[in-house]
$ cat run.tsv   # TSV, N, CA and C atoms
chain	number	residue	atom	x	y	z
Q	34	MET	N	5.48	8.47	12.91
Q	34	MET	CA	4.52	8.28	11.85
Q	34	MET	C	4.69	6.87	11.30
Q	35	LYS	N	3.56	6.26	10.90
Q	35	LYS	CA	3.56	4.92	10.33
Q	35	LYS	C	2.75	4.91	9.04
Q	36	TYR	N	3.22	4.12	8.07
Q	36	TYR	CA	2.51	3.90	6.82
Q	36	TYR	C	2.27	2.41	6.64
Q	37	ILE	N	1.26	2.08	5.85
Q	37	ILE	CA	1.14	0.74	5.29
Q	37	ILE	C	1.39	0.87	3.80
Q	38	LEU	N	1.80	-0.22	3.18
Q	38	LEU	CA	2.06	-0.25	1.74
Q	38	LEU	C	1.19	-1.32	1.11
Q	39	ILE	N	0.50	-0.94	0.05
Q	39	ILE	CA	-0.28	-1.89	-0.73
Q	39	ILE	C	0.32	-1.87	-2.13
Q	40	GLY	N	1.01	-2.95	-2.46
Q	40	GLY	CA	1.69	-3.05	-3.74
Q	40	GLY	C	3.18	-2.84	-3.59
Q	41	ALA	N	3.96	-3.92	-3.69
Q	41	ALA	CA	5.40	-3.85	-3.47
Q	41	ALA	C	6.19	-4.05	-4.76
Q	42	GLY	N	5.65	-3.54	-5.86
Q	42	GLY	CA	6.39	-3.55	-7.12
Q	42	GLY	C	7.42	-2.45	-7.11
Q	43	SER	N	7.86	-2.03	-8.28
Q	43	SER	CA	8.95	-1.05	-8.34
Q	43	SER	C	8.56	0.28	-7.70
Q	44	ARG	N	7.39	0.82	-8.03
Q	44	ARG	CA	7.00	2.11	-7.46
Q	44	ARG	C	6.73	2.01	-5.96
Q	45	GLY	N	6.02	1.00	-5.56
Q	45	GLY	CA	5.74	0.83	-4.13
Q	45	GLY	C	7.02	0.67	-3.32
Q	46	SER	N	7.96	-0.07	-3.87
Q	46	SER	CA	9.25	-0.25	-3.20
Q	46	SER	C	9.99	1.07	-3.06
Q	47	ILE	N	9.94	1.89	-4.10
Q	47	ILE	CA	10.61	3.19	-4.05
Q	47	ILE	C	9.97	4.09	-3.01
Q	48	TYR	N	8.64	4.19	-3.03
Q	48	TYR	CA	7.94	5.04	-2.05
Q	48	TYR	C	8.20	4.58	-0.62
Q	49	ALA	N	8.06	3.29	-0.38
Q	49	ALA	CA	8.21	2.78	0.98
Q	49	ALA	C	9.66	2.89	1.46
Q	50	SER	N	10.60	2.61	0.59
Q	50	SER	CA	12.02	2.72	0.98
Q	50	SER	C	12.37	4.17	1.30
Q	51	TRP	N	11.87	5.11	0.50
Q	51	TRP	CA	12.13	6.53	0.78
Q	51	TRP	C	11.52	6.91	2.12
Q	52	ALA	N	10.29	6.50	2.38
Q	52	ALA	CA	9.64	6.82	3.65
Q	52	ALA	C	10.44	6.25	4.82
Q	53	TRP	N	10.87	5.02	4.68
Q	53	TRP	CA	11.63	4.35	5.75
Q	53	TRP	C	12.94	5.09	6.01
Q	54	GLU	N	13.59	5.54	4.95
Q	54	GLU	CA	14.84	6.31	5.10
Q	54	GLU	C	14.61	7.64	5.81
Q	55	GLN	N	13.38	8.15	5.76
Q	55	GLN	CA	13.03	9.40	6.44
Q	55	GLN	C	12.60	9.16	7.89
Q	56	GLY	N	12.63	7.91	8.32
Q	56	GLY	CA	12.25	7.59	9.69
Q	56	GLY	C	10.79	7.19	9.86
Q	57	ILE	N	10.10	6.96	8.78
Q	57	ILE	CA	8.70	6.54	8.83
Q	57	ILE	C	8.65	5.02	8.88
Q	58	GLU	N	7.96	4.50	9.87
Q	58	GLU	CA	7.82	3.05	10.00
Q	58	GLU	C	6.84	2.52	8.96
Q	59	ILE	N	7.20	1.42	8.34
Q	59	ILE	CA	6.27	0.72	7.46
Q	59	ILE	C	5.65	-0.39	8.32
Q	60	ALA	N	4.39	-0.17	8.70
Q	60	ALA	CA	3.73	-1.04	9.67
Q	60	ALA	C	3.27	-2.36	9.07
Q	61	ALA	N	2.98	-2.39	7.77
Q	61	ALA	CA	2.52	-3.61	7.12
Q	61	ALA	C	2.63	-3.44	5.61
Q	62	ILE	N	2.73	-4.58	4.94
Q	62	ILE	CA	2.79	-4.59	3.47
Q	62	ILE	C	1.84	-5.65	2.95
Q	63	ALA	N	1.08	-5.29	1.92
Q	63	ALA	CA	0.26	-6.25	1.18
Q	63	ALA	C	0.77	-6.30	-0.26
Q	64	GLU	N	1.05	-7.50	-0.74
Q	64	GLU	CA	1.57	-7.70	-2.10
Q	64	GLU	C	1.21	-9.11	-2.51
Q	65	LEU	N	0.69	-9.28	-3.71
Q	65	LEU	CA	0.27	-10.59	-4.20
Q	65	LEU	C	1.43	-11.56	-4.35
Q	66	ARG	N	2.59	-11.06	-4.74
Q	66	ARG	CA	3.74	-11.94	-4.99
Q	66	ARG	C	4.60	-12.09	-3.73
Q	67	PRO	N	4.64	-13.29	-3.16
Q	67	PRO	CA	5.41	-13.49	-1.93
Q	67	PRO	C	6.88	-13.13	-2.03
Q	68	ASP	N	7.50	-13.34	-3.20
Q	68	ASP	CA	8.92	-13.00	-3.34
Q	68	ASP	C	9.14	-11.50	-3.18
Q	69	ARG	N	8.31	-10.70	-3.83
Q	69	ARG	CA	8.40	-9.24	-3.68
Q	69	ARG	C	8.07	-8.81	-2.26
Q	70	LEU	N	7.01	-9.37	-1.74
Q	70	LEU	CA	6.57	-9.03	-0.39
Q	70	LEU	C	7.69	-9.25	0.63
Q	71	ASN	N	8.25	-10.42	0.64
Q	71	ASN	CA	9.25	-10.75	1.65
Q	71	ASN	C	10.58	-10.03	1.44
Q	72	ALA	N	10.98	-9.82	0.20
Q	72	ALA	CA	12.23	-9.10	-0.04
Q	72	ALA	C	12.13	-7.67	0.50
Q	73	LEU	N	11.04	-6.98	0.18
Q	73	LEU	CA	10.90	-5.60	0.66
Q	73	LEU	C	10.66	-5.56	2.16
Q	74	ALA	N	9.81	-6.45	2.65
Q	74	ALA	CA	9.52	-6.46	4.08
Q	74	ALA	C	10.77	-6.74	4.91
Q	75	ASP	N	11.62	-7.63	4.43
Q	75	ASP	CA	12.88	-7.89	5.13
Q	75	ASP	C	13.73	-6.62	5.19
Q	76	SER	N	13.83	-5.92	4.06
Q	76	SER	CA	14.69	-4.73	4.02
Q	76	SER	C	14.14	-3.59	4.86
Q	77	LEU	N	12.81	-3.56	5.07
Q	77	LEU	CA	12.19	-2.48	5.84
Q	77	LEU	C	11.82	-2.92	7.26
Q	78	GLN	N	12.26	-4.11	7.63
Q	78	GLN	CA	12.06	-4.64	8.98
Q	78	GLN	C	10.58	-4.74	9.37
Q	79	VAL	N	9.76	-5.17	8.42
Q	79	VAL	CA	8.34	-5.38	8.69
Q	79	VAL	C	8.18	-6.78	9.27
Q	80	PRO	N	7.54	-6.90	10.44
Q	80	PRO	CA	7.38	-8.22	11.06
Q	80	PRO	C	6.60	-9.18	10.16
Q	81	GLU	N	6.88	-10.46	10.30
Q	81	GLU	CA	6.23	-11.47	9.47
Q	81	GLU	C	4.71	-11.48	9.64
Q	82	ASN	N	4.22	-11.14	10.81
Q	82	ASN	CA	2.77	-11.14	11.02
Q	82	ASN	C	2.09	-9.91	10.44
Q	83	ARG	N	2.84	-9.04	9.79
Q	83	ARG	CA	2.29	-7.85	9.13
Q	83	ARG	C	2.60	-7.87	7.63
Q	84	ARG	N	2.75	-9.07	7.09
Q	84	ARG	CA	3.00	-9.27	5.65
Q	84	ARG	C	1.81	-10.06	5.09
Q	85	PHE	N	1.19	-9.52	4.05
Q	85	PHE	CA	-0.04	-10.11	3.54
Q	85	PHE	C	0.00	-10.27	2.02
Q	86	THR	N	-0.42	-11.44	1.55
Q	86	THR	CA	-0.61	-11.63	0.12
Q	86	THR	C	-2.06	-11.36	-0.27
Q	87	ASP	N	-2.90	-11.13	0.70
Q	87	ASP	CA	-4.31	-10.78	0.47
Q	87	ASP	C	-4.58	-9.45	1.19
Q	88	VAL	N	-4.82	-8.40	0.43
Q	88	VAL	CA	-5.02	-7.07	1.01
Q	88	VAL	C	-6.21	-7.04	1.97
Q	89	SER	N	-7.18	-7.92	1.76
Q	89	SER	CA	-8.34	-7.97	2.66
Q	89	SER	C	-7.92	-8.27	4.10
Q	90	GLN	N	-6.91	-9.10	4.26
Q	90	GLN	CA	-6.42	-9.42	5.60
Q	90	GLN	C	-5.81	-8.20	6.26
Q	91	LEU	N	-5.13	-7.37	5.50
Q	91	LEU	CA	-4.56	-6.14	6.03
Q	91	LEU	C	-5.68	-5.18	6.45
Q	92	PHE	N	-6.65	-4.97	5.57
Q	92	PHE	CA	-7.75	-4.06	5.91
Q	92	PHE	C	-8.57	-4.58	7.10
Q	93	ALA	N	-8.62	-5.89	7.30
Q	93	ALA	CA	-9.37	-6.47	8.42
Q	93	ALA	C	-8.78	-6.06	9.77
Q	94	LEU	N	-7.53	-5.63	9.79
Q	94	LEU	CA	-6.90	-5.19	11.04
Q	94	LEU	C	-7.41	-3.82	11.49
Q	95	GLY	N	-8.09	-3.12	10.60
Q	95	GLY	CA	-8.50	-1.74	10.90
Q	95	GLY	C	-7.35	-0.80	10.63
Q	96	LYS	N	-7.43	0.36	11.20
Q	96	LYS	CA	-6.41	1.39	10.97
Q	96	LYS	C	-5.23	1.16	11.91
Q	97	ILE	N	-4.11	0.71	11.35
Q	97	ILE	CA	-2.92	0.40	12.14
Q	97	ILE	C	-1.78	1.37	11.86
Q	98	ALA	N	-2.04	2.36	11.01
Q	98	ALA	CA	-1.00	3.34	10.65
Q	98	ALA	C	-1.68	4.67	10.35
Q	99	ASP	N	-0.85	5.67	10.11
Q	99	ASP	CA	-1.37	7.01	9.82
Q	99	ASP	C	-1.82	7.17	8.37
Q	100	ALA	N	-1.12	6.49	7.46
Q	100	ALA	CA	-1.40	6.67	6.04
Q	100	ALA	C	-1.12	5.38	5.30
Q	101	ALA	N	-1.69	5.30	4.10
Q	101	ALA	CA	-1.48	4.16	3.22
Q	101	ALA	C	-0.85	4.64	1.92
Q	102	ILE	N	0.14	3.89	1.46
Q	102	ILE	CA	0.70	4.09	0.13
Q	102	ILE	C	0.05	3.04	-0.76
Q	103	ILE	N	-0.63	3.49	-1.79
Q	103	ILE	CA	-1.27	2.55	-2.71
Q	103	ILE	C	-0.51	2.60	-4.03
Q	104	ALA	N	0.16	1.49	-4.32
Q	104	ALA	CA	1.01	1.40	-5.50
Q	104	ALA	C	0.75	0.09	-6.23
Q	105	THR	N	-0.52	-0.22	-6.38
Q	105	THR	CA	-0.93	-1.44	-7.06
Q	105	THR	C	-1.11	-1.16	-8.55
Q	106	MET	N	-1.57	-2.15	-9.28
Q	106	MET	CA	-1.86	-1.97	-10.69
Q	106	MET	C	-2.93	-0.89	-10.83
Q	107	ASP	N	-2.83	-0.10	-11.88
Q	107	ASP	CA	-3.76	1.01	-12.09
Q	107	ASP	C	-5.22	0.56	-12.01
Q	108	ARG	N	-5.52	-0.60	-12.57
Q	108	ARG	CA	-6.90	-1.10	-12.59
Q	108	ARG	C	-7.43	-1.41	-11.19
Q	109	ASP	N	-6.52	-1.57	-10.21
Q	109	ASP	CA	-6.92	-1.91	-8.85
Q	109	ASP	C	-6.99	-0.71	-7.91
Q	110	HIS	N	-6.55	0.45	-8.36
Q	110	HIS	CA	-6.50	1.62	-7.49
Q	110	HIS	C	-7.84	1.92	-6.84
Q	111	TYR	N	-8.89	1.99	-7.63
Q	111	TYR	CA	-10.20	2.41	-7.11
Q	111	TYR	C	-10.63	1.56	-5.92
Q	112	GLY	N	-10.61	0.27	-6.06
Q	112	GLY	CA	-11.03	-0.62	-4.98
Q	112	GLY	C	-10.18	-0.47	-3.73
Q	113	HIS	N	-8.88	-0.38	-3.92
Q	113	HIS	CA	-7.99	-0.25	-2.76
Q	113	HIS	C	-8.15	1.11	-2.08
Q	114	VAL	N	-8.32	2.16	-2.88
Q	114	VAL	CA	-8.52	3.49	-2.30
Q	114	VAL	C	-9.81	3.54	-1.50
Q	115	MET	N	-10.88	3.02	-2.06
Q	115	MET	CA	-12.16	3.08	-1.36
Q	115	MET	C	-12.11	2.32	-0.04
Q	116	ARG	N	-11.45	1.18	-0.04
Q	116	ARG	CA	-11.33	0.40	1.21
Q	116	ARG	C	-10.45	1.13	2.22
Q	117	ALA	N	-9.36	1.71	1.75
Q	117	ALA	CA	-8.46	2.45	2.65
Q	117	ALA	C	-9.17	3.66	3.25
Q	118	LEU	N	-9.94	4.37	2.44
Q	118	LEU	CA	-10.70	5.51	2.96
Q	118	LEU	C	-11.74	5.07	3.98
Q	119	ASP	N	-12.39	3.95	3.72
Q	119	ASP	CA	-13.37	3.42	4.68
Q	119	ASP	C	-12.74	3.13	6.03
Q	120	VAL	N	-11.49	2.67	6.01
Q	120	VAL	CA	-10.78	2.36	7.26
Q	120	VAL	C	-10.32	3.65	7.95
Q	121	GLY	N	-10.14	4.73	7.17
Q	121	GLY	CA	-9.74	6.00	7.75
Q	121	GLY	C	-8.34	6.45	7.44
Q	122	TYR	N	-7.72	5.85	6.43
Q	122	TYR	CA	-6.36	6.21	6.08
Q	122	TYR	C	-6.28	7.49	5.26
Q	123	ASP	N	-5.25	8.29	5.51
Q	123	ASP	CA	-4.80	9.30	4.56
Q	123	ASP	C	-4.02	8.53	3.50
Q	124	LEU	N	-3.91	9.09	2.29
Q	124	LEU	CA	-3.35	8.31	1.20
Q	124	LEU	C	-2.24	9.00	0.44
Q	125	LEU	N	-1.32	8.17	-0.05
Q	125	LEU	CA	-0.43	8.52	-1.13
Q	125	LEU	C	-0.80	7.54	-2.23
Q	126	LEU	N	-1.36	8.04	-3.32
Q	126	LEU	CA	-1.80	7.20	-4.43
Q	126	LEU	C	-0.97	7.53	-5.65
Q	127	GLU	N	-0.32	6.49	-6.19
Q	127	GLU	CA	0.46	6.72	-7.39
Q	127	GLU	C	-0.47	7.05	-8.56
Q	128	LYS	N	0.08	7.62	-9.60
Q	128	LYS	CA	-0.73	7.95	-10.76
Q	128	LYS	C	-0.63	6.86	-11.81
Q	129	PRO	N	-1.58	6.75	-12.69
Q	129	PRO	CA	-2.82	7.51	-12.75
Q	129	PRO	C	-3.77	7.09	-11.63
Q	130	ILE	N	-4.64	7.99	-11.27
Q	130	ILE	CA	-5.59	7.71	-10.19
Q	130	ILE	C	-6.41	6.47	-10.53
Q	131	SER	N	-6.89	6.40	-11.74
Q	131	SER	CA	-7.70	5.28	-12.19
Q	131	SER	C	-7.63	5.18	-13.70
Q	132	LYS	N	-8.11	4.08	-14.21
Q	132	LYS	CA	-8.15	3.86	-15.66
Q	132	LYS	C	-9.42	4.42	-16.29
Q	133	THR	N	-10.40	4.81	-15.45
Q	133	THR	CA	-11.66	5.32	-16.00
Q	133	THR	C	-11.98	6.70	-15.42
Q	134	LEU	N	-12.66	7.49	-16.21
Q	134	LEU	CA	-13.08	8.82	-15.76
Q	134	LEU	C	-14.08	8.69	-14.62
Q	135	ARG	N	-15.00	7.75	-14.69
Q	135	ARG	CA	-16.01	7.56	-13.63
Q	135	ARG	C	-15.34	7.32	-12.28
Q	136	GLU	N	-14.38	6.42	-12.24
Q	136	GLU	CA	-13.69	6.14	-10.98
Q	136	GLU	C	-12.86	7.31	-10.51
Q	137	THR	N	-12.20	7.97	-11.44
Q	137	THR	CA	-11.40	9.14	-11.08
Q	137	THR	C	-12.27	10.22	-10.45
Q	138	LEU	N	-13.40	10.50	-11.04
Q	138	LEU	CA	-14.30	11.52	-10.50
Q	138	LEU	C	-14.88	11.09	-9.15
Q	139	ALA	N	-15.15	9.80	-9.00
Q	139	ALA	CA	-15.68	9.31	-7.72
Q	139	ALA	C	-14.65	9.46	-6.60
Q	140	LEU	N	-13.39	9.25	-6.94
Q	140	LEU	CA	-12.34	9.40	-5.92
Q	140	LEU	C	-12.14	10.86	-5.59
$ encode --input "run.tsv" --output "C-alpha coordinates"
Amino acid sequence: MKYILIGAGSRGSIYASWAWEQGIEIAAIAELRPDRLNALADSLQVPENRRFTDVSQLFALGKIADAAIIATMDRDHYGHVMRALDVGYDLLLEKPISKTLRETLAL
(Lines of atoms letter the chains of each structure in order from A and count residues from 1; the text may use other names and numbers.)
(Lines give C-alpha, C1' and ligand atoms only; values in the text may rest on other atoms or scores of the structure.)
Protein backbone atom coordinates (compact mmCIF):
# COMPACT_ATOMS: atom_id res chain seq x y z
CA MET A 1 0.00 0.00 0.00
CA LYS A 2 1.14 3.55 -0.78
CA TYR A 3 0.02 6.95 0.51
CA ILE A 4 0.76 10.51 -0.46
CA LEU A 5 0.91 13.24 2.17
CA ILE A 6 -0.32 16.79 1.71
CA GLY A 7 0.82 18.91 4.62
CA ALA A 8 3.91 17.98 6.63
CA GLY A 9 3.21 19.92 9.81
CA SER A 10 2.83 18.23 13.17
CA ARG A 11 -0.32 16.24 12.38
CA GLY A 12 0.77 15.25 8.89
CA SER A 13 4.13 14.13 10.23
CA ILE A 14 2.44 12.00 12.88
CA TYR A 15 0.05 10.35 10.41
CA ALA A 16 2.72 9.68 7.80
CA SER A 17 5.28 8.43 10.31
CA TRP A 18 2.73 6.04 11.82
CA ALA A 19 1.78 4.75 8.35
CA TRP A 20 5.45 4.27 7.43
CA GLU A 21 6.05 2.34 10.67
CA GLN A 22 3.19 0.02 9.63
CA GLY A 23 4.92 -0.72 6.34
CA ILE A 24 2.99 1.75 4.19
CA GLU A 25 5.14 3.54 1.64
CA ILE A 26 4.87 7.31 1.50
CA ALA A 27 5.07 7.84 -2.26
CA ALA A 28 5.19 11.65 -2.25
CA ILE A 29 4.87 14.66 0.02
CA ALA A 30 3.58 18.16 -0.70
CA GLU A 31 4.39 20.87 1.86
CA LEU A 32 4.81 24.63 1.41
CA ARG A 33 7.79 24.86 3.77
CA PRO A 34 10.92 23.24 2.31
CA ASP A 35 12.47 22.67 5.75
CA ARG A 36 9.48 20.63 6.92
CA LEU A 37 9.17 18.89 3.58
CA ASN A 38 12.76 17.72 3.42
CA ALA A 39 13.09 16.77 7.08
CA LEU A 40 10.06 14.47 6.94
CA ALA A 41 10.81 13.18 3.44
CA ASP A 42 14.34 12.26 4.49
CA SER A 43 13.07 10.33 7.51
CA LEU A 44 10.46 8.48 5.41
CA GLN A 45 12.83 7.82 2.50
CA VAL A 46 10.76 9.76 -0.03
CA PRO A 47 12.79 10.34 -3.22
CA GLU A 48 13.71 13.94 -4.03
CA ASN A 49 11.69 13.85 -7.25
CA ARG A 50 8.54 13.14 -5.18
CA ARG A 51 8.87 16.18 -2.89
CA PHE A 52 6.75 19.19 -3.78
CA THR A 53 6.31 22.69 -2.41
CA ASP A 54 3.38 23.15 -4.81
CA VAL A 55 0.58 20.60 -4.37
CA SER A 56 -0.50 21.21 -7.98
CA GLN A 57 2.69 19.52 -9.16
CA LEU A 58 1.84 16.45 -7.09
CA PHE A 59 -1.72 16.26 -8.42
CA ALA A 60 -0.38 16.68 -11.98
CA LEU A 61 1.23 13.24 -11.65
CA GLY A 62 -2.20 11.63 -11.44
CA LYS A 63 -2.90 8.82 -9.03
CA ILE A 64 0.46 7.49 -7.83
CA ALA A 65 -0.72 5.92 -4.56
CA ASP A 66 -3.71 4.21 -3.00
CA ALA A 67 -4.70 6.99 -0.62
CA ALA A 68 -3.95 10.57 0.35
CA ILE A 69 -3.43 11.96 3.83
CA ILE A 70 -4.61 15.56 3.89
CA ALA A 71 -3.20 17.42 6.86
CA THR A 72 -3.07 20.99 5.64
CA MET A 73 -4.49 24.11 7.25
CA ASP A 74 -8.21 23.76 7.93
CA ARG A 75 -9.03 26.54 5.46
CA ASP A 76 -7.30 24.55 2.68
CA HIS A 77 -8.98 21.18 3.27
CA TYR A 78 -11.85 21.67 0.83
CA GLY A 79 -9.69 22.49 -2.18
CA HIS A 80 -7.21 19.71 -1.50
CA VAL A 81 -9.94 17.13 -0.89
CA MET A 82 -11.79 18.01 -4.07
CA ARG A 83 -8.62 17.74 -6.14
CA ALA A 84 -7.63 14.45 -4.49
CA LEU A 85 -11.08 13.00 -5.14
CA ASP A 86 -10.91 14.12 -8.77
CA VAL A 87 -7.65 12.18 -9.13
CA GLY A 88 -9.26 9.12 -7.52
CA TYR A 89 -7.68 8.96 -4.09
CA ASP A 90 -9.22 7.44 -0.99
CA LEU A 91 -8.65 9.86 1.87
CA LEU A 92 -7.59 10.30 5.43
CA LEU A 93 -8.65 13.86 6.26
CA GLU A 94 -7.77 15.41 9.57
CA LYS A 95 -10.46 17.29 11.44
CA PRO A 96 -12.18 19.63 11.22
CA ILE A 97 -13.34 18.72 7.75
CA SER A 98 -13.75 22.37 6.84
CA LYS A 99 -14.19 25.80 8.37
CA THR A 100 -17.62 26.28 6.76
CA LEU A 101 -20.85 24.31 6.86
CA ARG A 102 -21.27 24.69 3.07
CA GLU A 103 -17.92 23.03 2.35
CA THR A 104 -18.46 20.36 4.97
CA LEU A 105 -21.81 19.40 3.47
CA ALA A 106 -20.36 19.44 -0.05
CA LEU A 107 -17.63 17.02 1.00
$ atom_distance --input "run.tsv" --atom1 "CA of Tyr111 in chain Q" --atom2 "CA of Ile130 in chain Q"
7.7 Å
$ residues_around --input "run.tsv" --residues "Val88 in chain Q" --least-positions-apart "6" --cutoff "8 Å" --atoms "all atoms listed in the file" --output "list in words"
Ile39, Ile62, Ala63, Glu64 and Leu65 of chain Q
$ residues_around --input "run.tsv" --residues "Ile103 in chain Q" --least-positions-apart "4" --cutoff "9 Å" --atoms "only C-alpha atoms" --output "count of residues only"
13
$ closest_residue --input "run.tsv" --among "Q:Ile47, Q:Ala101, Q:Leu70, Q:Met115" --to "Glu136 in chain Q" --atoms "only C-alpha atoms"
Q:Met115
$ select_by_dssp --input "run.tsv" --residues "range 68-112 of chain Q" --states "strand (DSSP E)" --output "list in words"
Arg84, Phe85, Ala100, Ala101, Ile102 and Ile103 of chain Q
$ residues_around --input "run.tsv" --residues "Ile97 in chain Q" --least-positions-apart "4" --cutoff "8 Å" --atoms "only N, CA and C atoms" --output "list in words"
Lys35, Tyr36, Ile37, Ala60, Ala61, Leu91, Val120 and Tyr122 of chain Q
$ closest_residue --input "run.tsv" --among "Q:Asp107, Q:Trp51, Q:Glu58, Q:Arg116" --to "Met34 in chain Q" --atoms "all atoms listed in the file"
Q:Glu58
$ residues_around --input "run.tsv" --residues "Ala49 in chain Q" --least-positions-apart "4" --cutoff "8 Å" --atoms "only N, CA and C atoms" --output "ChimeraX atom specification"
/Q:37-38,43-45,53-55,57,59,77,102
$ closest_residue --input "run.tsv" --among "Q:Arg108, Q:Asp119, Q:Val79, Q:Leu94" --to "Thr133 in chain Q" --atoms "only N, CA and C atoms"
Q:Arg108
$ atom_distance --input "run.tsv" --atom1 "CA of Ala98 in chain Q" --atom2 "CA of Ala52 in chain Q"
13.2 Å
